[in-house]
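> Questions regarding the structure given below will be posed in turn.
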Amino acid sequence: MKPATIILGNEKQTLLLVDDSPESLTMMVGLLGEDYVVKVAKSGEAALELAVKEPLPDLILLDVVMPGMDGHQVCKTLKSNSRTKSIPVIFLTSLAGTANEARGFDLGASDYISKPFDPTIFMARVRMQLELVSERKKTGRLLANFLPRRVVQELISTGTSKPEQIDELSMVFCDLVDFTGIAGQLAKETLLDELSDIFSAFDIIMEAHVGQRLKTIGDAYIGLVGLNRPVPDHADRAVSAALDMIDHLKARENGSGPKWKVRIGVHSGSVIAGLVGTRRYQYDIFGDDVNIASRVESASEPMRVTISANTMERINADGLLIQPRGNIDLKGKGERELFFVDRRR
C-alpha cells in the first residue's frame, strides 16, 4: 500500500512522522499540522521513500518499535545516505532503559521522546531541534557567500574540508590603476562605496559567465571560472567576463565620480584549492599557475585584457581581436608569450 502523505501549510519547515500507530500519528499531526508541513509514513520502508523526496524533511520523528524495519534500522540507513545524513532524528519510544537511548545516540539520533509523551514537552523538543536546523541553514547561507558549495556541505557535515586538485580552470586577476592616487582624493566612506559598487558589478559579471569571486585584496579582484564544477569553455567565459569588466568601467565614466581604470590578466591552468586556518577559515588557491596569473595581470596595461598562451590555446577566437605581444619577462617566471584581446567592433 502506498504510504499516506499529509501536506499542510506552505513554505514552512517540513517534518516526517514515522509510526505504525494510527493513534500516535493522529496526535502528532494534531499538534504539528498547523505550524509545519507534515509528511506521514506508517512503516520504516515508507519513511525511507519519503525522506529523499523534495522537500526534504527538516526533522524526522521516528518510532523505534515497528514491524518490519525498526527505527534503529531506518536511522542507520538515513545516516548512511549523503542526502539524508544531516537531517536530525528524534526517536519516539516506549522502551525504557539507558541502553536503548545509548544505542539510538550511537546511530546518530539527536533526541529521545518517551511514550506516552506530554504534549508540552513534545512540542518544546521539536521546536528546539527545528531552531537548530534554522541556525545551521543560516550558517550555510552565510558560508556560501565565501566558500564553494562542496566546501560548505563538508564543513557542516564533518567540520572540515579536504583540499582538492582542479586541473582545468581560468583565473581573472584585476587591479585598479593608480588606486593610491585616487583614494587619497576621496573620503573613506566614498572610497568604500566606490569599491563596493565596482566589485559588486564584477561579481554579477562573473556569475553571468558561470564564475565567481575568489577574493579581493585591497583594490585587487580575483575571479575564477571552473572552481565549483568542470566548465569546458572556462577560458572563453573568463575572457568574456574580463572584457565585460572593461566595458562596465567605460560606461561608469559617464558619471560624476572617479574615472577608474583597471588592468586585467587572464591565465588558464591548474590549482590546488582548499581551506587555510583552523579558527578563521579562508578558502584560497595555490600553485604555479596562480603566480603566473598574477604576473600576467601585472604585465597588462590600463583598460586592456592580457591573456597567456595557456588561455590563448583554449579559447575560441571568433569575434575576438587578438594582438600578439611577443615574449614578455614575467617576474620570477621568465619570458612568456602574451596577447592583448578585445572584441571585434
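Each chain of the C-alpha cells is named A, B, ... in the order shown, its residues numbered from 1; ligands are numbered from 1 in display order.
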Residues at most 12 Å from Lys12 (chain A), counting only C-alpha atoms, excluding those fewer than 4 positions away in the same chain, as a PyMOL selection string?
chain A and resi 7-8+32-38+55-58+130+134
> Mind dumping the selected residues with all heavy atoms as a compact mmCIF listing (two decimals), in the first residue's frame?

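Final output, part.txt:
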# COMPACT_ATOMS: atom_id res chain seq x y z
N ILE A 7 0.25 16.84 3.55
CA ILE A 7 0.98 18.08 3.33
C ILE A 7 0.11 19.23 3.81
O ILE A 7 -0.98 19.45 3.31
CB ILE A 7 1.32 18.30 1.84
CG1 ILE A 7 2.09 17.09 1.30
CG2 ILE A 7 2.11 19.57 1.64
CD1 ILE A 7 3.45 16.90 1.92
N LEU A 8 0.57 19.95 4.80
CA LEU A 8 -0.18 21.06 5.35
C LEU A 8 0.72 22.29 5.39
O LEU A 8 1.90 22.20 5.71
CB LEU A 8 -0.65 20.75 6.78
CG LEU A 8 -1.57 19.54 6.94
CD1 LEU A 8 -1.77 19.25 8.42
CD2 LEU A 8 -2.90 19.75 6.26
N LEU A 32 1.13 19.34 15.32
CA LEU A 32 2.12 19.96 14.44
C LEU A 32 1.56 20.49 13.13
O LEU A 32 2.20 21.31 12.46
CB LEU A 32 3.22 18.94 14.12
CG LEU A 32 3.99 18.36 15.31
CD1 LEU A 32 4.80 17.14 14.89
CD2 LEU A 32 4.89 19.42 15.92
N GLY A 33 0.38 20.02 12.75
CA GLY A 33 -0.12 20.27 11.41
C GLY A 33 -0.34 21.72 11.05
O GLY A 33 -0.21 22.10 9.88
N GLU A 34 -0.67 22.55 12.02
CA GLU A 34 -0.94 23.96 11.70
C GLU A 34 0.33 24.77 11.46
O GLU A 34 0.30 25.76 10.72
CB GLU A 34 -1.76 24.61 12.83
CG GLU A 34 -3.18 24.09 12.93
CD GLU A 34 -3.98 24.90 13.93
OE1 GLU A 34 -3.48 25.93 14.40
OE2 GLU A 34 -5.12 24.49 14.24
N ASP A 35 1.42 24.37 12.07
CA ASP A 35 2.63 25.18 12.02
C ASP A 35 3.68 24.66 11.05
O ASP A 35 4.63 25.39 10.72
CB ASP A 35 3.26 25.26 13.42
CG ASP A 35 2.34 25.94 14.41
OD1 ASP A 35 1.68 26.91 14.02
OD2 ASP A 35 2.28 25.49 15.58
N TYR A 36 3.55 23.42 10.60
CA TYR A 36 4.60 22.82 9.77
C TYR A 36 3.99 22.05 8.61
O TYR A 36 2.82 21.67 8.64
CB TYR A 36 5.46 21.86 10.61
CG TYR A 36 6.02 22.49 11.86
CD1 TYR A 36 5.44 22.24 13.11
CD2 TYR A 36 7.11 23.35 11.80
CE1 TYR A 36 5.94 22.83 14.26
CE2 TYR A 36 7.62 23.94 12.95
CZ TYR A 36 7.03 23.68 14.18
OH TYR A 36 7.52 24.28 15.31
N VAL A 37 4.80 21.81 7.58
CA VAL A 37 4.44 20.84 6.55
C VAL A 37 4.71 19.46 7.13
O VAL A 37 5.81 19.19 7.63
CB VAL A 37 5.29 21.05 5.28
CG1 VAL A 37 4.99 19.95 4.26
CG2 VAL A 37 5.03 22.42 4.68
N VAL A 38 3.70 18.60 7.10
CA VAL A 38 3.80 17.30 7.76
C VAL A 38 3.66 16.18 6.74
O VAL A 38 2.70 16.12 5.97
CB VAL A 38 2.71 17.15 8.85
CG1 VAL A 38 2.78 15.77 9.47
CG2 VAL A 38 2.87 18.23 9.92
N PRO A 55 9.97 18.42 -0.72
CA PRO A 55 11.05 19.00 0.07
C PRO A 55 11.57 18.00 1.11
O PRO A 55 10.78 17.31 1.75
CB PRO A 55 10.39 20.20 0.74
CG PRO A 55 8.95 19.79 0.89
CD PRO A 55 8.64 18.95 -0.32
N LEU A 56 12.91 17.93 1.25
CA LEU A 56 13.46 17.03 2.24
C LEU A 56 13.02 17.46 3.63
O LEU A 56 12.87 18.65 3.90
CB LEU A 56 14.99 17.04 2.16
CG LEU A 56 15.63 16.53 0.87
CD1 LEU A 56 17.15 16.55 1.02
CD2 LEU A 56 15.14 15.15 0.50
N PRO A 57 12.81 16.51 4.52
CA PRO A 57 12.40 16.89 5.89
C PRO A 57 13.47 17.70 6.60
O PRO A 57 14.67 17.47 6.42
CB PRO A 57 12.20 15.53 6.57
CG PRO A 57 12.12 14.52 5.48
CD PRO A 57 12.92 15.05 4.35
N ASP A 58 13.03 18.65 7.40
CA ASP A 58 13.95 19.35 8.30
C ASP A 58 14.16 18.56 9.58
O ASP A 58 15.18 18.75 10.26
CB ASP A 58 13.38 20.73 8.64
CG ASP A 58 13.33 21.64 7.42
OD1 ASP A 58 14.40 22.00 6.91
OD2 ASP A 58 12.22 21.97 6.98
N LEU A 130 14.22 22.15 15.56
CA LEU A 130 13.98 22.94 14.36
C LEU A 130 14.70 24.29 14.43
O LEU A 130 15.13 24.82 13.40
CB LEU A 130 12.48 23.15 14.15
CG LEU A 130 11.72 21.88 13.73
CD1 LEU A 130 10.22 22.14 13.71
CD2 LEU A 130 12.20 21.38 12.37
N SER A 134 17.35 25.70 11.71
CA SER A 134 17.31 27.05 11.12
C SER A 134 18.66 27.74 11.26
O SER A 134 19.13 28.40 10.31
CB SER A 134 16.23 27.89 11.80
OG SER A 134 14.95 27.37 11.54
> Would you mind writing down, as a count of residues only, each residue of region 32-96 of chain A that DSSP on the backbone assigns to alpha helix (DSSP H)?
18
> Would you return as a PyMOL selection string the members of region 252-335 of chain A that DSSP assigns to strand (DSSP E) on this structure's backbone?
chain A and resi 262-276+282-286+304-308+320-330+334-335
> Deliver the residues from the most recent selection as a file, using N, CA and C atoms, as a short mmCIF file (atom, residue, chain, number, x, y, z; two decimals), in the first residue's frame.

data_model
loop_
_atom_site.label_atom_id
_atom_site.label_comp_id
_atom_site.auth_asym_id
_atom_site.auth_seq_id
_atom_site.Cartn_x
_atom_site.Cartn_y
_atom_site.Cartn_z
N VAL A 262 41.19 49.85 -14.98
CA VAL A 262 41.58 48.56 -14.45
C VAL A 262 42.56 47.88 -15.40
N ARG A 263 43.42 47.08 -14.83
CA ARG A 263 44.36 46.27 -15.60
C ARG A 263 43.99 44.82 -15.32
N ILE A 264 43.81 44.00 -16.38
CA ILE A 264 43.31 42.65 -16.21
C ILE A 264 44.21 41.64 -16.91
N GLY A 265 44.45 40.53 -16.22
CA GLY A 265 45.16 39.40 -16.80
C GLY A 265 44.34 38.14 -16.64
N VAL A 266 44.32 37.30 -17.68
CA VAL A 266 43.61 36.02 -17.64
C VAL A 266 44.60 34.90 -17.95
N HIS A 267 44.62 33.90 -17.11
CA HIS A 267 45.50 32.75 -17.30
C HIS A 267 44.74 31.48 -16.96
N SER A 268 45.00 30.42 -17.71
CA SER A 268 44.31 29.14 -17.50
C SER A 268 45.32 28.08 -17.09
N GLY A 269 44.88 27.19 -16.22
CA GLY A 269 45.77 26.14 -15.75
C GLY A 269 45.15 25.33 -14.64
N SER A 270 46.00 24.85 -13.74
CA SER A 270 45.54 24.01 -12.63
C SER A 270 45.93 24.63 -11.30
N VAL A 271 45.16 24.31 -10.27
CA VAL A 271 45.44 24.84 -8.94
C VAL A 271 45.10 23.78 -7.90
N ILE A 272 45.60 23.99 -6.70
CA ILE A 272 45.14 23.27 -5.52
C ILE A 272 44.27 24.25 -4.73
N ALA A 273 43.07 23.84 -4.39
CA ALA A 273 42.12 24.71 -3.69
C ALA A 273 41.77 24.10 -2.35
N GLY A 274 41.70 24.94 -1.32
CA GLY A 274 41.34 24.42 -0.01
C GLY A 274 41.31 25.49 1.04
N LEU A 275 40.94 25.08 2.25
CA LEU A 275 40.82 25.99 3.38
C LEU A 275 42.18 26.18 4.05
N VAL A 276 42.44 27.41 4.45
CA VAL A 276 43.63 27.73 5.22
C VAL A 276 43.17 28.22 6.59
N GLN A 282 39.92 30.60 5.59
CA GLN A 282 40.00 31.34 4.34
C GLN A 282 40.19 30.33 3.22
N TYR A 283 39.31 30.39 2.25
CA TYR A 283 39.42 29.49 1.10
C TYR A 283 40.32 30.14 0.07
N ASP A 284 41.32 29.41 -0.42
CA ASP A 284 42.28 30.02 -1.32
C ASP A 284 42.77 28.99 -2.33
N ILE A 285 43.49 29.47 -3.32
CA ILE A 285 44.07 28.60 -4.35
C ILE A 285 45.57 28.77 -4.35
N PHE A 286 46.27 27.68 -4.73
CA PHE A 286 47.72 27.67 -4.68
C PHE A 286 48.26 26.97 -5.91
N ARG A 304 43.02 47.27 -20.57
CA ARG A 304 43.30 46.21 -21.53
C ARG A 304 43.24 44.86 -20.82
N VAL A 305 42.88 43.85 -21.60
CA VAL A 305 42.89 42.47 -21.10
C VAL A 305 44.05 41.74 -21.77
N THR A 306 44.94 41.24 -20.94
CA THR A 306 46.06 40.44 -21.43
C THR A 306 45.83 38.98 -21.07
N ILE A 307 46.07 38.09 -22.03
CA ILE A 307 45.91 36.66 -21.75
C ILE A 307 47.23 35.93 -22.02
N SER A 308 47.38 34.81 -21.34
CA SER A 308 48.57 33.99 -21.52
C SER A 308 48.40 33.05 -22.70
N LEU A 320 36.83 37.83 -31.68
CA LEU A 320 37.83 38.49 -30.85
C LEU A 320 38.97 39.03 -31.70
N LEU A 321 39.52 40.14 -31.27
CA LEU A 321 40.74 40.67 -31.85
C LEU A 321 41.91 40.26 -30.96
N ILE A 322 42.81 39.49 -31.52
CA ILE A 322 43.96 39.01 -30.76
C ILE A 322 45.21 39.73 -31.26
N GLN A 323 45.90 40.37 -30.36
CA GLN A 323 47.11 41.10 -30.70
C GLN A 323 48.30 40.48 -29.98
N PRO A 324 49.16 39.76 -30.70
CA PRO A 324 50.34 39.17 -30.03
C PRO A 324 51.24 40.26 -29.45
N ARG A 325 51.73 40.02 -28.26
CA ARG A 325 52.64 40.96 -27.61
C ARG A 325 54.07 40.42 -27.56
N GLY A 326 54.26 39.22 -28.10
CA GLY A 326 55.57 38.61 -28.06
C GLY A 326 55.87 38.03 -26.69
N ASN A 327 57.12 37.70 -26.48
CA ASN A 327 57.56 37.16 -25.20
C ASN A 327 57.88 38.30 -24.24
N ILE A 328 57.26 38.26 -23.09
CA ILE A 328 57.45 39.31 -22.08
C ILE A 328 57.96 38.65 -20.81
N ASP A 329 58.95 39.27 -20.20
CA ASP A 329 59.53 38.72 -18.97
C ASP A 329 58.57 38.93 -17.81
N LEU A 330 58.16 37.84 -17.22
CA LEU A 330 57.30 37.89 -16.04
C LEU A 330 58.16 37.63 -14.82
N GLY A 334 60.24 34.03 -15.88
CA GLY A 334 60.89 34.04 -17.18
C GLY A 334 60.01 34.65 -18.25
N GLU A 335 60.41 34.45 -19.49
CA GLU A 335 59.67 35.03 -20.61
C GLU A 335 58.46 34.16 -20.95
#
> May I have the residues within 12 Å of Leu62 (chain A) as a PyMOL selection string, using only C-alpha atoms and disregarding those fewer than 3 positions away in the same chain?
chain A and resi 15-21+24-25+28+39-44+46-48+51+59+65-66+69-76+78+87-93+104+109-115
> Could you write out the selected residues, including N, CA and C atoms, as a compact mmCIF listing (two decimals), in the first residue's frame?

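The resulting file, selection_26.txt, is reproduced below:
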# COMPACT_ATOMS: atom_id res chain seq x y z
N LEU A 15 8.29 18.29 8.40
CA LEU A 15 8.51 17.20 9.35
C LEU A 15 8.07 15.89 8.71
N LEU A 16 8.81 14.83 8.99
CA LEU A 16 8.41 13.48 8.61
C LEU A 16 8.13 12.70 9.89
N LEU A 17 6.87 12.25 10.03
CA LEU A 17 6.44 11.49 11.21
C LEU A 17 6.36 10.03 10.82
N VAL A 18 7.04 9.17 11.56
CA VAL A 18 7.10 7.75 11.22
C VAL A 18 6.64 6.95 12.43
N ASP A 19 5.50 6.27 12.29
CA ASP A 19 4.95 5.49 13.41
C ASP A 19 3.91 4.54 12.84
N ASP A 20 3.88 3.31 13.35
CA ASP A 20 2.89 2.35 12.88
C ASP A 20 1.58 2.46 13.65
N SER A 21 1.53 3.35 14.65
CA SER A 21 0.33 3.53 15.46
C SER A 21 -0.51 4.68 14.91
N SER A 24 -0.97 7.49 17.56
CA SER A 24 0.18 8.38 17.74
C SER A 24 0.30 9.36 16.59
N LEU A 25 0.11 8.89 15.36
CA LEU A 25 0.19 9.78 14.20
C LEU A 25 -0.88 10.86 14.26
N MET A 28 0.16 13.48 16.81
CA MET A 28 1.27 14.33 16.37
C MET A 28 0.84 15.28 15.25
N LYS A 39 4.65 15.29 6.73
CA LYS A 39 4.58 14.06 5.95
C LYS A 39 4.46 12.89 6.93
N VAL A 40 3.69 11.88 6.55
CA VAL A 40 3.44 10.76 7.44
C VAL A 40 3.80 9.45 6.76
N ALA A 41 4.53 8.59 7.46
CA ALA A 41 4.83 7.24 6.99
C ALA A 41 4.47 6.25 8.10
N LYS A 42 3.87 5.11 7.72
CA LYS A 42 3.44 4.13 8.70
C LYS A 42 4.39 2.94 8.81
N SER A 43 5.51 3.00 8.10
CA SER A 43 6.50 1.93 8.18
C SER A 43 7.88 2.50 7.91
N GLY A 44 8.90 1.73 8.30
CA GLY A 44 10.26 2.17 8.05
C GLY A 44 10.57 2.27 6.57
N ALA A 46 8.48 2.90 4.10
CA ALA A 46 7.81 4.08 3.56
C ALA A 46 8.55 5.35 3.98
N ALA A 47 9.09 5.35 5.18
CA ALA A 47 9.83 6.52 5.66
C ALA A 47 11.05 6.80 4.80
N LEU A 48 11.76 5.74 4.42
CA LEU A 48 12.96 5.92 3.59
C LEU A 48 12.59 6.46 2.21
N ALA A 51 11.75 10.24 2.80
CA ALA A 51 12.86 11.05 3.30
C ALA A 51 13.70 11.66 2.18
N LEU A 59 13.21 17.69 9.90
CA LEU A 59 13.29 16.89 11.13
C LEU A 59 12.46 15.62 10.92
N VAL A 65 10.00 0.99 17.77
CA VAL A 65 9.44 -0.36 17.64
C VAL A 65 8.37 -0.35 16.55
N MET A 66 8.71 -0.95 15.40
CA MET A 66 7.78 -1.07 14.29
C MET A 66 7.97 -2.43 13.65
N MET A 69 11.00 -3.16 9.30
CA MET A 69 12.20 -2.36 9.54
C MET A 69 11.97 -1.48 10.76
N ASP A 70 12.73 -1.67 11.83
CA ASP A 70 12.50 -0.88 13.03
C ASP A 70 13.21 0.48 12.93
N GLY A 71 12.98 1.33 13.93
CA GLY A 71 13.52 2.69 13.89
C GLY A 71 15.03 2.74 13.86
N HIS A 72 15.68 1.82 14.56
CA HIS A 72 17.14 1.80 14.57
C HIS A 72 17.68 1.52 13.16
N GLN A 73 17.06 0.58 12.47
CA GLN A 73 17.49 0.27 11.11
C GLN A 73 17.24 1.44 10.16
N VAL A 74 16.10 2.09 10.34
CA VAL A 74 15.80 3.26 9.50
C VAL A 74 16.81 4.37 9.73
N CYS A 75 17.12 4.64 10.99
CA CYS A 75 18.07 5.70 11.31
C CYS A 75 19.45 5.39 10.73
N LYS A 76 19.89 4.15 10.85
CA LYS A 76 21.19 3.77 10.31
C LYS A 76 21.24 3.98 8.80
N LEU A 78 19.33 6.12 7.06
CA LEU A 78 19.29 7.56 6.80
C LEU A 78 20.68 8.18 6.95
N ILE A 87 19.92 15.23 8.38
CA ILE A 87 18.58 15.50 8.91
C ILE A 87 18.52 14.98 10.36
N PRO A 88 18.18 15.83 11.33
CA PRO A 88 18.10 15.36 12.72
C PRO A 88 16.94 14.39 12.90
N VAL A 89 17.16 13.40 13.78
CA VAL A 89 16.16 12.37 14.07
C VAL A 89 15.86 12.39 15.56
N ILE A 90 14.56 12.47 15.89
CA ILE A 90 14.11 12.28 17.27
C ILE A 90 13.43 10.93 17.36
N PHE A 91 13.95 10.07 18.23
CA PHE A 91 13.32 8.77 18.43
C PHE A 91 12.12 8.89 19.34
N LEU A 92 11.04 8.18 18.98
CA LEU A 92 9.85 8.06 19.82
C LEU A 92 9.81 6.61 20.30
N THR A 93 9.79 6.41 21.61
CA THR A 93 9.87 5.03 22.09
C THR A 93 9.21 4.85 23.44
N GLY A 104 20.51 4.48 20.33
CA GLY A 104 19.96 5.47 19.42
C GLY A 104 20.93 6.61 19.17
N ALA A 109 21.02 9.69 16.45
CA ALA A 109 19.80 10.40 16.85
C ALA A 109 20.15 11.69 17.59
N SER A 110 19.30 12.69 17.44
CA SER A 110 19.51 13.98 18.10
C SER A 110 18.81 14.06 19.46
N ASP A 111 17.73 13.29 19.65
CA ASP A 111 16.99 13.36 20.91
C ASP A 111 16.10 12.13 21.03
N TYR A 112 15.54 11.95 22.23
CA TYR A 112 14.61 10.87 22.55
C TYR A 112 13.37 11.49 23.18
N ILE A 113 12.19 11.00 22.80
CA ILE A 113 10.95 11.36 23.49
C ILE A 113 10.26 10.06 23.87
N SER A 114 9.98 9.91 25.15
CA SER A 114 9.37 8.67 25.65
C SER A 114 7.86 8.71 25.48
N LYS A 115 7.30 7.58 25.10
CA LYS A 115 5.85 7.40 25.02
C LYS A 115 5.32 6.85 26.33
> Region 135-141 of chain A: which residues within 12 Å, counting only C-alpha atoms, same-chain residues fewer than 6 positions away excluded, as a PyMOL selection string?
chain A and resi 13+58+86-88+128-129+147-157
> I need the residue nearest Glu337 (chain A) from this list: A:Asn81, A:Asn254, A:Asn310, A:Thr120. Use only C-alpha atoms for the distance.
A:Asn310
